[in-house]
>>> print(open('query_39.cif').read())   # mmCIF, C-alpha atoms
data_coords
#
loop_
_atom_site.label_atom_id
_atom_site.label_comp_id
_atom_site.auth_asym_id
_atom_site.auth_seq_id
_atom_site.Cartn_x
_atom_site.Cartn_y
_atom_site.Cartn_z
CA MET A 1 -214.33 5.84 -19.10
CA SER A 2 -213.96 2.87 -21.33
CA GLN A 3 -213.40 4.90 -24.45
CA ILE A 4 -209.92 5.94 -23.33
CA PRO A 5 -207.80 3.17 -24.88
CA LEU A 6 -205.54 1.35 -22.45
CA GLU A 7 -202.59 1.74 -24.81
CA HIS A 8 -202.77 5.53 -24.66
CA ILE A 9 -202.63 5.57 -20.87
CA LEU A 10 -199.71 3.16 -20.91
CA LEU A 11 -197.90 5.28 -23.51
CA LEU A 12 -198.44 8.42 -21.42
CA SER A 13 -197.05 6.61 -18.41
CA ALA A 14 -194.06 5.41 -20.46
CA VAL A 15 -193.33 8.99 -21.57
CA LEU A 16 -193.57 10.25 -17.98
CA PHE A 17 -191.28 7.43 -16.82
CA CYS A 18 -188.67 8.35 -19.42
CA LEU A 19 -188.86 12.05 -18.51
CA GLY A 20 -188.27 11.11 -14.88
CA LEU A 21 -185.38 8.87 -15.91
CA LEU A 22 -183.91 11.74 -17.94
CA ALA A 23 -184.17 14.06 -14.94
CA VAL A 24 -182.50 11.48 -12.68
CA ILE A 25 -179.64 10.93 -15.12
CA THR A 26 -178.92 14.44 -16.29
CA LYS A 27 -179.55 16.69 -13.31
CA ARG A 28 -176.88 17.54 -10.82
CA HIS A 29 -178.92 19.10 -8.05
CA ALA A 30 -180.10 16.48 -5.56
CA VAL A 31 -183.61 17.93 -5.22
CA VAL A 32 -184.22 17.77 -8.98
CA VAL A 33 -183.13 14.13 -8.95
CA LEU A 34 -185.77 13.57 -6.24
CA MET A 35 -188.35 15.27 -8.45
CA GLY A 36 -187.47 12.85 -11.24
CA VAL A 37 -187.99 9.96 -8.84
CA GLU A 38 -191.42 11.36 -7.95
CA LEU A 39 -192.27 11.50 -11.67
CA ILE A 40 -191.30 7.82 -12.00
CA PHE A 41 -193.53 6.95 -9.03
CA ASN A 42 -196.42 8.76 -10.68
CA ALA A 43 -195.89 6.94 -13.97
CA ALA A 44 -196.03 3.60 -12.14
CA ASN A 45 -199.16 4.69 -10.26
CA LEU A 46 -200.84 5.64 -13.53
CA ASN A 47 -200.32 2.10 -14.83
CA LEU A 48 -201.75 0.58 -11.66
CA VAL A 49 -204.84 2.77 -11.78
CA ALA A 50 -205.29 2.15 -15.51
CA PHE A 51 -205.41 -1.61 -15.02
CA SER A 52 -207.54 -1.27 -11.91
CA ARG A 53 -210.31 0.03 -14.16
CA TYR A 54 -210.86 -3.54 -15.35
CA ASP A 55 -211.11 -4.79 -11.78
CA PRO A 56 -214.00 -2.76 -10.39
CA SER A 57 -215.03 -5.11 -7.61
CA LEU A 58 -211.60 -5.75 -6.11
CA LEU A 59 -209.84 -2.42 -6.81
CA GLN A 60 -206.47 -4.05 -6.19
CA GLY A 61 -204.63 -1.64 -8.47
CA GLN A 62 -206.05 1.41 -6.74
CA LEU A 63 -205.22 0.07 -3.29
CA PHE A 64 -201.68 -0.75 -4.40
CA SER A 65 -201.23 2.74 -5.82
CA LEU A 66 -202.47 4.13 -2.49
CA PHE A 67 -199.65 2.30 -0.72
CA VAL A 68 -197.19 3.48 -3.37
CA ILE A 69 -198.24 7.07 -2.60
CA VAL A 70 -197.69 6.47 1.13
CA VAL A 71 -194.22 5.02 0.57
CA ALA A 72 -193.34 7.83 -1.85
CA ALA A 73 -194.34 10.44 0.73
CA ALA A 74 -192.17 8.77 3.39
CA GLU A 75 -189.30 8.52 0.91
CA ALA A 76 -189.57 12.19 -0.03
CA ALA A 77 -189.54 13.30 3.63
CA VAL A 78 -186.48 11.25 4.56
CA ALA A 79 -184.62 12.04 1.35
CA LEU A 80 -185.16 15.78 1.70
CA ALA A 81 -183.97 15.62 5.31
CA ILE A 82 -180.82 13.86 4.09
CA VAL A 83 -180.37 16.48 1.35
CA LEU A 84 -180.61 19.25 3.92
CA ARG A 85 -178.00 17.59 6.15
CA VAL A 86 -175.73 17.05 3.15
CA TYR A 87 -176.16 20.69 2.20
CA GLN A 88 -175.28 21.82 5.71
CA HIS A 89 -172.21 19.60 5.72
CA PHE A 90 -170.82 20.13 2.23
CA LYS A 91 -172.33 23.59 1.59
CA THR A 92 -173.61 22.30 -1.73
CA ALA A 93 -176.35 20.01 -3.01
CA ASN A 94 -174.53 19.31 -6.25
CA LEU A 95 -174.23 15.55 -6.57
CA ASN A 96 -171.00 15.72 -8.56
CA GLU A 97 -169.20 17.52 -5.75
CA ILE A 98 -170.38 15.17 -3.03
CA ALA A 99 -167.92 12.42 -3.78
CA THR A 100 -166.17 11.99 -0.46
CA ILE A 101 -167.28 10.18 2.63
CA ASP A 102 -165.40 12.29 5.17
CA LYS A 103 -164.47 15.91 5.11
CA MET B 1 -211.21 14.91 -25.26
CA LEU B 2 -210.31 15.72 -21.71
CA PHE B 3 -207.85 12.85 -21.28
CA TYR B 4 -205.65 14.06 -24.13
CA ILE B 5 -205.63 17.61 -22.78
CA PHE B 6 -204.46 16.35 -19.40
CA ALA B 7 -201.95 14.01 -21.05
CA ALA B 8 -200.48 16.80 -23.18
CA LEU B 9 -200.31 19.06 -20.12
CA ALA B 10 -198.53 16.37 -18.10
CA ILE B 11 -196.01 15.62 -20.83
CA LEU B 12 -195.32 19.28 -21.65
CA SER B 13 -194.80 20.33 -18.05
CA GLY B 14 -192.76 17.19 -17.35
CA GLY B 15 -190.59 18.03 -20.33
CA TYR B 16 -190.22 21.59 -19.11
CA MET B 17 -189.21 20.26 -15.69
CA VAL B 18 -186.39 18.34 -17.34
CA LEU B 19 -185.33 21.12 -19.69
CA THR B 20 -185.35 24.16 -17.42
CA ARG B 21 -182.31 25.11 -15.42
CA ASN B 22 -184.22 27.11 -12.84
CA LEU B 23 -185.03 24.93 -9.85
CA LEU B 24 -188.16 26.82 -8.86
CA TYR B 25 -189.59 26.63 -12.38
CA ALA B 26 -188.90 22.89 -12.29
CA GLY B 27 -190.79 22.60 -9.00
CA PHE B 28 -193.80 24.48 -10.30
CA SER B 29 -193.92 22.52 -13.57
CA LEU B 30 -193.84 19.35 -11.47
CA LEU B 31 -196.91 20.82 -9.75
CA VAL B 32 -198.71 21.07 -13.11
CA THR B 33 -197.72 17.49 -13.96
CA LEU B 34 -199.05 16.14 -10.67
CA LEU B 35 -202.30 18.12 -11.04
CA SER B 36 -202.93 16.77 -14.53
CA ILE B 37 -202.19 13.24 -13.35
CA ALA B 38 -204.81 13.77 -10.65
CA GLY B 39 -207.25 14.81 -13.39
CA ILE B 40 -206.45 11.63 -15.32
CA TYR B 41 -207.17 9.61 -12.16
CA VAL B 42 -210.62 11.18 -12.03
CA LEU B 43 -211.20 10.20 -15.65
CA LEU B 44 -210.14 6.65 -14.80
CA PHE B 45 -212.80 6.37 -12.05
CA ALA B 46 -210.27 6.55 -9.24
CA ASP B 47 -211.73 9.45 -7.29
CA PHE B 48 -210.20 8.54 -3.95
CA ILE B 49 -206.75 8.16 -5.53
CA ALA B 50 -207.18 11.54 -7.22
CA VAL B 51 -207.97 13.27 -3.93
CA THR B 52 -205.09 11.45 -2.24
CA GLN B 53 -202.80 12.56 -5.04
CA LEU B 54 -203.91 16.16 -4.53
CA MET B 55 -203.46 16.06 -0.77
CA VAL B 56 -200.26 14.02 -0.50
CA TYR B 57 -198.34 15.05 -3.60
CA VAL B 58 -199.52 18.57 -4.33
CA GLY B 59 -200.11 19.49 -0.70
CA GLY B 60 -197.27 17.62 0.94
CA VAL B 61 -194.45 16.35 -1.23
CA LEU B 62 -194.34 19.37 -3.50
CA VAL B 63 -194.24 21.80 -0.58
CA LEU B 64 -191.42 19.70 0.88
CA ILE B 65 -189.58 19.85 -2.44
CA LEU B 66 -190.01 23.61 -2.69
CA PHE B 67 -188.69 23.98 0.86
CA GLY B 68 -185.80 21.71 -0.09
CA ILE B 69 -185.00 23.87 -3.12
CA MET B 70 -185.09 27.06 -1.10
CA LEU B 71 -183.03 25.67 1.78
CA SER B 72 -180.40 23.91 -0.31
CA SER B 73 -179.66 26.61 -2.86
CA ARG B 74 -177.73 29.78 -2.25
CA VAL B 75 -180.54 32.17 -3.01
CA HIS B 76 -178.81 35.35 -1.96
CA ASN B 77 -175.46 35.30 -3.65
CA GLN B 78 -176.39 33.02 -6.53
CA SER B 79 -179.52 32.26 -8.51
CA VAL B 80 -181.21 28.89 -8.11
CA LEU B 81 -179.88 27.17 -11.18
CA SER B 82 -178.99 23.57 -11.81
CA GLU B 83 -176.53 22.38 -14.43
CA SER B 84 -177.05 19.27 -16.48
CA VAL B 85 -174.53 16.50 -16.93
CA ASN B 86 -174.41 13.36 -19.07
CA LYS B 87 -176.77 14.98 -21.55
CA GLY B 88 -175.93 12.67 -24.46
CA TRP B 89 -176.06 9.48 -22.47
CA GLY B 90 -179.16 10.56 -20.57
CA VAL B 91 -181.13 11.39 -23.70
CA LEU B 92 -179.91 8.20 -25.37
CA ILE B 93 -180.87 5.95 -22.46
CA SER B 94 -184.26 7.62 -22.00
CA LEU B 95 -185.05 7.43 -25.70
CA LEU B 96 -184.02 3.78 -25.84
CA THR B 97 -186.19 3.02 -22.80
CA LEU B 98 -189.08 4.92 -24.37
CA CYS B 99 -188.69 3.04 -27.64
CA GLY B 100 -188.56 -0.29 -25.83
CA LEU B 101 -191.60 0.49 -23.68
CA GLY B 102 -193.55 1.93 -26.60
CA TYR B 103 -192.75 -1.03 -28.84
CA THR B 104 -193.81 -3.45 -26.11
CA ILE B 105 -197.04 -1.56 -25.41
CA LEU B 106 -197.96 -1.31 -29.08
CA LYS B 107 -197.06 -4.95 -29.71
CA ALA B 108 -198.91 -6.28 -26.67
CA ASN B 109 -202.34 -7.64 -27.43
CA PHE B 110 -204.37 -6.24 -24.55
CA ALA B 111 -207.65 -6.99 -26.29
CA GLY B 112 -206.80 -10.68 -26.18
CA LEU B 113 -206.39 -10.83 -22.41
CA SER B 114 -209.28 -12.76 -20.97
CA TRP B 115 -209.59 -10.82 -17.71
CA LEU B 116 -209.78 -7.57 -19.62
CA GLN B 117 -212.49 -8.96 -21.89
CA ASN B 118 -214.50 -10.34 -18.99
CA ALA B 119 -214.28 -7.10 -17.06
CA ASP B 120 -217.48 -5.49 -15.93
CA THR B 121 -218.66 -2.86 -18.34
CA GLU B 122 -220.52 -1.21 -15.49
CA ILE B 123 -217.48 0.42 -13.96
CA LEU B 124 -218.54 1.20 -10.45
CA GLY B 125 -221.63 -0.93 -10.06
CA ALA B 126 -224.39 0.41 -7.88
CA GLN B 127 -222.40 2.92 -5.89
CA LYS B 128 -220.86 5.77 -7.83
CA SER B 129 -217.77 6.24 -5.71
CA THR B 130 -214.84 4.03 -4.82
CA VAL B 131 -214.47 5.52 -1.35
CA GLN B 132 -216.73 3.05 0.40
CA SER B 133 -215.25 -0.06 -1.16
CA ILE B 134 -211.68 1.21 -0.62
CA GLY B 135 -212.48 1.81 3.05
CA ILE B 136 -213.93 -1.67 3.45
CA LYS B 137 -210.98 -3.24 1.63
CA LEU B 138 -208.46 -1.37 3.78
CA MET B 139 -210.04 -2.69 6.95
CA THR B 140 -210.48 -6.29 5.76
CA ASP B 141 -208.27 -7.66 2.99
CA PHE B 142 -205.53 -5.04 3.19
CA VAL B 143 -205.37 -4.45 6.92
CA LEU B 144 -201.81 -5.78 7.27
CA PRO B 145 -200.27 -3.47 4.61
CA PHE B 146 -202.38 -0.65 6.08
CA GLU B 147 -200.88 -1.13 9.54
CA ILE B 148 -197.38 -1.56 8.10
CA ALA B 149 -197.86 1.69 6.18
CA SER B 150 -198.79 3.50 9.38
CA LEU B 151 -195.69 2.08 11.08
CA LEU B 152 -193.57 3.13 8.09
CA LEU B 153 -194.96 6.65 8.23
CA LEU B 154 -194.18 6.89 11.95
CA ILE B 155 -190.62 5.66 11.38
CA ALA B 156 -190.14 8.06 8.45
CA LEU B 157 -191.48 10.96 10.53
CA MET B 158 -189.14 10.25 13.43
CA GLY B 159 -186.20 9.54 11.14
CA ALA B 160 -186.68 12.68 9.06
CA ALA B 161 -187.06 14.84 12.16
CA TYR B 162 -183.93 13.30 13.70
CA ILE B 163 -181.83 13.62 10.54
CA ALA B 164 -182.87 17.20 9.86
CA THR B 165 -182.08 18.37 13.41
CA ASP B 166 -178.79 20.10 13.88
CA ASN B 167 -177.12 17.81 16.39
CA GLN B 168 -174.48 20.26 17.45
CA LYS B 169 -176.98 22.84 18.57
CA VAL B 170 -179.35 20.53 20.44
#
>>> encode(input="query_39.cif", output="structure tokens")
Amino acid sequence: MSQIPLEHILLLSAVLFCLGLLAVITKRHAVVVLMGVELIFNAANLNLVAFSRYDPSLLQGQLFSLFVIVVAAAEAAVALAIVLRVYQHFKTANLNEIATIDK
Amino acid sequence: MLFYIFAALAILSGGYMVLTRNLLYAGFSLLVTLLSIAGIYVLLFADFIAVTQLMVYVGGVLVLILFGIMLSSRVHNQSVLSESVNKGWGVLISLLTLCGLGYTILKANFAGLSWLQNADTEILGAQKSTVQSIGIKLMTDFVLPFEIASLLLLIALMGAAYIATDNQKV
């Protein structure tokens, strides 16, 4: 609806982006870092959809966010598979303890 | 207003996801964040994106993440907790990024942009849903990225299945 100001949506997306960034920086468990990355993806998607509101005939922002969702799903599947392998190999998913290439 | 309720819900549960040490609580608060973002999509006239968000994120990615938490944490002999590191630097960098983004957004003159002023006030035109036009766009203008996305999904499926298999046992 047009009465939601564009600035408020962009500010919400900025806050979500920074929360995701905080999770990526401060968390040590690999899955929580992935959750922060998902939050960052969602913040970016929110911006795309917000600007797509002004483009009702072409819907380029919505289509782009659709592809972002697809890529994010593929990324999550592969990354979680890697996390599981790392956990089987190192017996931990703590990123600070996974600092060696061979074991 | 509904948008602000959803926004507050998204920010609060996102903040709880960052603050909590329990991995499962973090997963479920991410669920609330994704649900409220889907609600905001509906308010922004992106119904197809909202349903996709529900199906892909809430139904797929979040279930994957919960499985990942349960499989990669020692549930039996230790609770599912996650420590935090770099707290000072993390908060500092995030706050600086937030200040920079917020300053830019508040300084930017969106009302002066010509393509925002010339935008149609009638949001969806004659049809009340974006599904039809998104379907037509996907099969005409965006058919190449659509096919590449299907190829990417196939590669990711095969790659994830191969990586997650225990090679010693097979």
>>> residues_around(input="query_39.cif", residues="region 62-66 of chain B", least_positions_apart="4", cutoff="7 Å", atoms="all atoms listed in the file", output="PyMOL selection string")
(chain A and resi 31) or (chain B and resi 27+31+57-58+70)
>>> atom_distance(input="query_39.cif", atom1="CA of Val42 (chain B)", atom2="CA of Ala74 (chain A)")
24.2 Å
>>> atom_distance(input="query_39.cif", atom1="CA of Met17 (chain B)", atom2="CA of Phe90 (chain A)")
25.7 Å
>>> resolve_selection(input="query_39.cif", expression="the PyMOL selection byres ((chain A) within 7 of (chain B))", output="MDAnalysis selection string")
chainID A and resid 1 7 11:12 14:16 18:19 21:23 25:29 31 50 53:56 62 66 70 73:74 76:78 80:82 84:85 87 93
>>> residues_near_point(input="query_39.cif", point="(-204.4, 0.3, -7.4)", cutoff="8 Å", atoms="only C-alpha atoms", output="list in words")
Asn45, Leu48, Val49, Phe51, Ser52, Leu59, Gln60, Gly61, Gln62, Leu63, Phe64, Ser65 and Leu66 of chain A
>>> atom_distance(input="query_39.cif", atom1="CA of Leu34 (chain A)", atom2="CA of Ser36 (chain B)")
19.3 Å
>>> closest_residue(input="query_39.cif", among="A:Val32, A:Leu39, A:Ile4, A:Leu46", to="Ala79 (chain A)", atoms="only C-alpha atoms")
A:Val32
>>> decode(input="query_39.cif", residues="chain A", atoms="C-alpha atoms", output="PDB file, in the first residue's frame")
ATOM      1  CA  MET A   1       0.000   0.000   0.000  1.00  0.00           C
ATOM      2  CA  SER A   2       1.342   3.377  -0.861  1.00  0.00           C
ATOM      3  CA  GLN A   3       0.948   4.754   2.618  1.00  0.00           C
ATOM      4  CA  ILE A   4       3.851   2.676   3.930  1.00  0.00           C
ATOM      5  CA  PRO A   5       6.770   5.074   3.409  1.00  0.00           C
ATOM      6  CA  LEU A   6       9.652   3.663   1.410  1.00  0.00           C
ATOM      7  CA  GLU A   7      12.132   4.886   4.015  1.00  0.00           C
ATOM      8  CA  HIS A   8      10.571   2.758   6.736  1.00  0.00           C
ATOM      9  CA  ILE A   9      10.867  -0.417   4.673  1.00  0.00           C
ATOM     10  CA  LEU A  10      14.465   0.409   3.843  1.00  0.00           C
ATOM     11  CA  LEU A  11      15.230   1.097   7.513  1.00  0.00           C
ATOM     12  CA  LEU A  12      13.667  -2.230   8.535  1.00  0.00           C
ATOM     13  CA  SER A  13      15.769  -3.971   5.928  1.00  0.00           C
ATOM     14  CA  ALA A  14      18.894  -2.150   7.165  1.00  0.00           C
ATOM     15  CA  VAL A  15      18.189  -3.292  10.741  1.00  0.00           C
ATOM     16  CA  LEU A  16      17.674  -6.887   9.594  1.00  0.00           C
ATOM     17  CA  PHE A  17      20.889  -6.725   7.565  1.00  0.00           C
ATOM     18  CA  CYS A  18      22.851  -5.522  10.590  1.00  0.00           C
ATOM     19  CA  LEU A  19      21.342  -8.236  12.810  1.00  0.00           C
ATOM     20  CA  GLY A  20      22.412 -10.829  10.249  1.00  0.00           C
ATOM     21  CA  LEU A  21      25.872  -9.276  10.097  1.00  0.00           C
ATOM     22  CA  LEU A  22      26.079  -9.400  13.902  1.00  0.00           C
ATOM     23  CA  ALA A  23      25.123 -13.078  13.876  1.00  0.00           C
ATOM     24  CA  VAL A  24      27.728 -13.841  11.208  1.00  0.00           C
ATOM     25  CA  ILE A  25      30.474 -12.027  13.113  1.00  0.00           C
ATOM     26  CA  THR A  26      29.781 -13.076  16.668  1.00  0.00           C
ATOM     27  CA  LYS A  27      28.504 -16.638  16.484  1.00  0.00           C
ATOM     28  CA  ARG A  28      30.788 -19.606  16.605  1.00  0.00           C
ATOM     29  CA  HIS A  29      28.445 -22.376  15.544  1.00  0.00           C
ATOM     30  CA  ALA A  30      28.441 -22.818  11.764  1.00  0.00           C
ATOM     31  CA  VAL A  31      24.662 -23.276  11.511  1.00  0.00           C
ATOM     32  CA  VAL A  32      23.983 -19.982  13.309  1.00  0.00           C
ATOM     33  CA  VAL A  33      26.341 -18.235  10.894  1.00  0.00           C
ATOM     34  CA  LEU A  34      24.231 -19.707   8.075  1.00  0.00           C
ATOM     35  CA  MET A  35      21.102 -18.352   9.751  1.00  0.00           C
ATOM     36  CA  GLY A  36      22.683 -14.897   9.781  1.00  0.00           C
ATOM     37  CA  VAL A  37      23.389 -15.237   6.065  1.00  0.00           C
ATOM     38  CA  GLU A  38      19.726 -16.126   5.492  1.00  0.00           C
ATOM     39  CA  LEU A  39      18.709 -12.991   7.411  1.00  0.00           C
ATOM     40  CA  ILE A  40      20.964 -10.905   5.143  1.00  0.00           C
ATOM     41  CA  PHE A  41      19.361 -12.501   2.059  1.00  0.00           C
ATOM     42  CA  ASN A  42      15.923 -11.608   3.405  1.00  0.00           C
ATOM     43  CA  ALA A  43      16.940  -8.007   4.058  1.00  0.00           C
ATOM     44  CA  ALA A  44      18.131  -7.696   0.454  1.00  0.00           C
ATOM     45  CA  ASN A  45      14.911  -9.290  -0.818  1.00  0.00           C
ATOM     46  CA  LEU A  46      12.849  -6.820   1.182  1.00  0.00           C
ATOM     47  CA  ASN A  47      14.581  -3.931  -0.592  1.00  0.00           C
ATOM     48  CA  LEU A  48      13.971  -5.480  -3.998  1.00  0.00           C
ATOM     49  CA  VAL A  49      10.285  -6.024  -3.297  1.00  0.00           C
ATOM     50  CA  ALA A  50       9.927  -2.536  -1.818  1.00  0.00           C
ATOM     51  CA  PHE A  51      11.229  -0.891  -4.970  1.00  0.00           C
ATOM     52  CA  SER A  52       9.276  -3.270  -7.181  1.00  0.00           C
ATOM     53  CA  ARG A  53       6.119  -1.638  -5.841  1.00  0.00           C
ATOM     54  CA  TYR A  54       6.873   1.358  -8.054  1.00  0.00           C
ATOM     55  CA  ASP A  55       7.278  -0.866 -11.093  1.00  0.00           C
ATOM     56  CA  PRO A  56       3.907  -2.607 -11.301  1.00  0.00           C
ATOM     57  CA  SER A  57       3.957  -3.458 -14.988  1.00  0.00           C
ATOM     58  CA  LEU A  58       7.444  -4.936 -15.180  1.00  0.00           C
ATOM     59  CA  LEU A  59       7.813  -6.455 -11.686  1.00  0.00           C
ATOM     60  CA  GLN A  60      11.575  -6.679 -12.151  1.00  0.00           C
ATOM     61  CA  GLY A  61      12.280  -6.417  -8.429  1.00  0.00           C
ATOM     62  CA  GLN A  62       9.913  -9.241  -7.570  1.00  0.00           C
ATOM     63  CA  LEU A  63      11.346 -11.505 -10.251  1.00  0.00           C
ATOM     64  CA  PHE A  64      14.878 -10.757  -9.072  1.00  0.00           C
ATOM     65  CA  SER A  65      13.932 -11.545  -5.487  1.00  0.00           C
ATOM     66  CA  LEU A  66      12.426 -14.823  -6.724  1.00  0.00           C
ATOM     67  CA  PHE A  67      15.802 -15.791  -8.169  1.00  0.00           C
ATOM     68  CA  VAL A  68      17.516 -14.666  -4.967  1.00  0.00           C
ATOM     69  CA  ILE A  69      15.252 -17.055  -3.031  1.00  0.00           C
ATOM     70  CA  VAL A  70      16.163 -19.895  -5.402  1.00  0.00           C
ATOM     71  CA  VAL A  71      19.889 -19.257  -5.038  1.00  0.00           C
ATOM     72  CA  ALA A  72      19.549 -18.931  -1.255  1.00  0.00           C
ATOM     73  CA  ALA A  73      17.781 -22.291  -1.068  1.00  0.00           C
ATOM     74  CA  ALA A  74      20.535 -23.952  -3.110  1.00  0.00           C
ATOM     75  CA  GLU A  75      23.170 -22.277  -0.951  1.00  0.00           C
ATOM     76  CA  ALA A  76      21.519 -23.431   2.269  1.00  0.00           C
ATOM     77  CA  ALA A  77      21.303 -27.048   1.059  1.00  0.00           C
ATOM     78  CA  VAL A  78      24.944 -27.240  -0.009  1.00  0.00           C
ATOM     79  CA  ALA A  79      26.228 -25.338   3.017  1.00  0.00           C
ATOM     80  CA  LEU A  80      24.356 -27.551   5.464  1.00  0.00           C
ATOM     81  CA  ALA A  81      25.695 -30.648   3.705  1.00  0.00           C
ATOM     82  CA  ILE A  82      29.201 -29.240   4.111  1.00  0.00           C
ATOM     83  CA  VAL A  83      28.522 -28.467   7.788  1.00  0.00           C
ATOM     84  CA  LEU A  84      27.394 -32.040   8.354  1.00  0.00           C
ATOM     85  CA  ARG A  85      30.533 -33.431   6.705  1.00  0.00           C
ATOM     86  CA  VAL A  86      32.702 -31.061   8.744  1.00  0.00           C
ATOM     87  CA  TYR A  87      30.908 -32.165  11.892  1.00  0.00           C
ATOM     88  CA  GLN A  88      31.473 -35.827  11.056  1.00  0.00           C
ATOM     89  CA  HIS A  89      35.139 -35.165  10.383  1.00  0.00           C
ATOM     90  CA  PHE A  90      36.071 -32.814  13.214  1.00  0.00           C
ATOM     91  CA  LYS A  91      33.354 -33.886  15.697  1.00  0.00           C
ATOM     92  CA  THR A  92      32.489 -30.231  16.164  1.00  0.00           C
ATOM     93  CA  ALA A  93      30.732 -27.472  14.241  1.00  0.00           C
ATOM     94  CA  ASN A  94      32.525 -24.736  16.144  1.00  0.00           C
ATOM     95  CA  LEU A  95      34.184 -22.496  13.580  1.00  0.00           C
ATOM     96  CA  ASN A  96      37.021 -21.512  15.901  1.00  0.00           C
ATOM     97  CA  GLU A  97      38.155 -25.107  16.283  1.00  0.00           C
ATOM     98  CA  ILE A  98      38.062 -25.875  12.575  1.00  0.00           C
ATOM     99  CA  ALA A  99      41.330 -24.201  11.733  1.00  0.00           C
ATOM    100  CA  THR A 100      43.275 -27.011  10.119  1.00  0.00           C
ATOM    101  CA  ILE A 101      43.060 -28.397   6.635  1.00  0.00           C
ATOM    102  CA  ASP A 102      44.144 -31.953   7.421  1.00  0.00           C
ATOM    103  CA  LYS A 103      43.661 -34.012  10.507  1.00  0.00           C
TER     104      LYS A 103
END
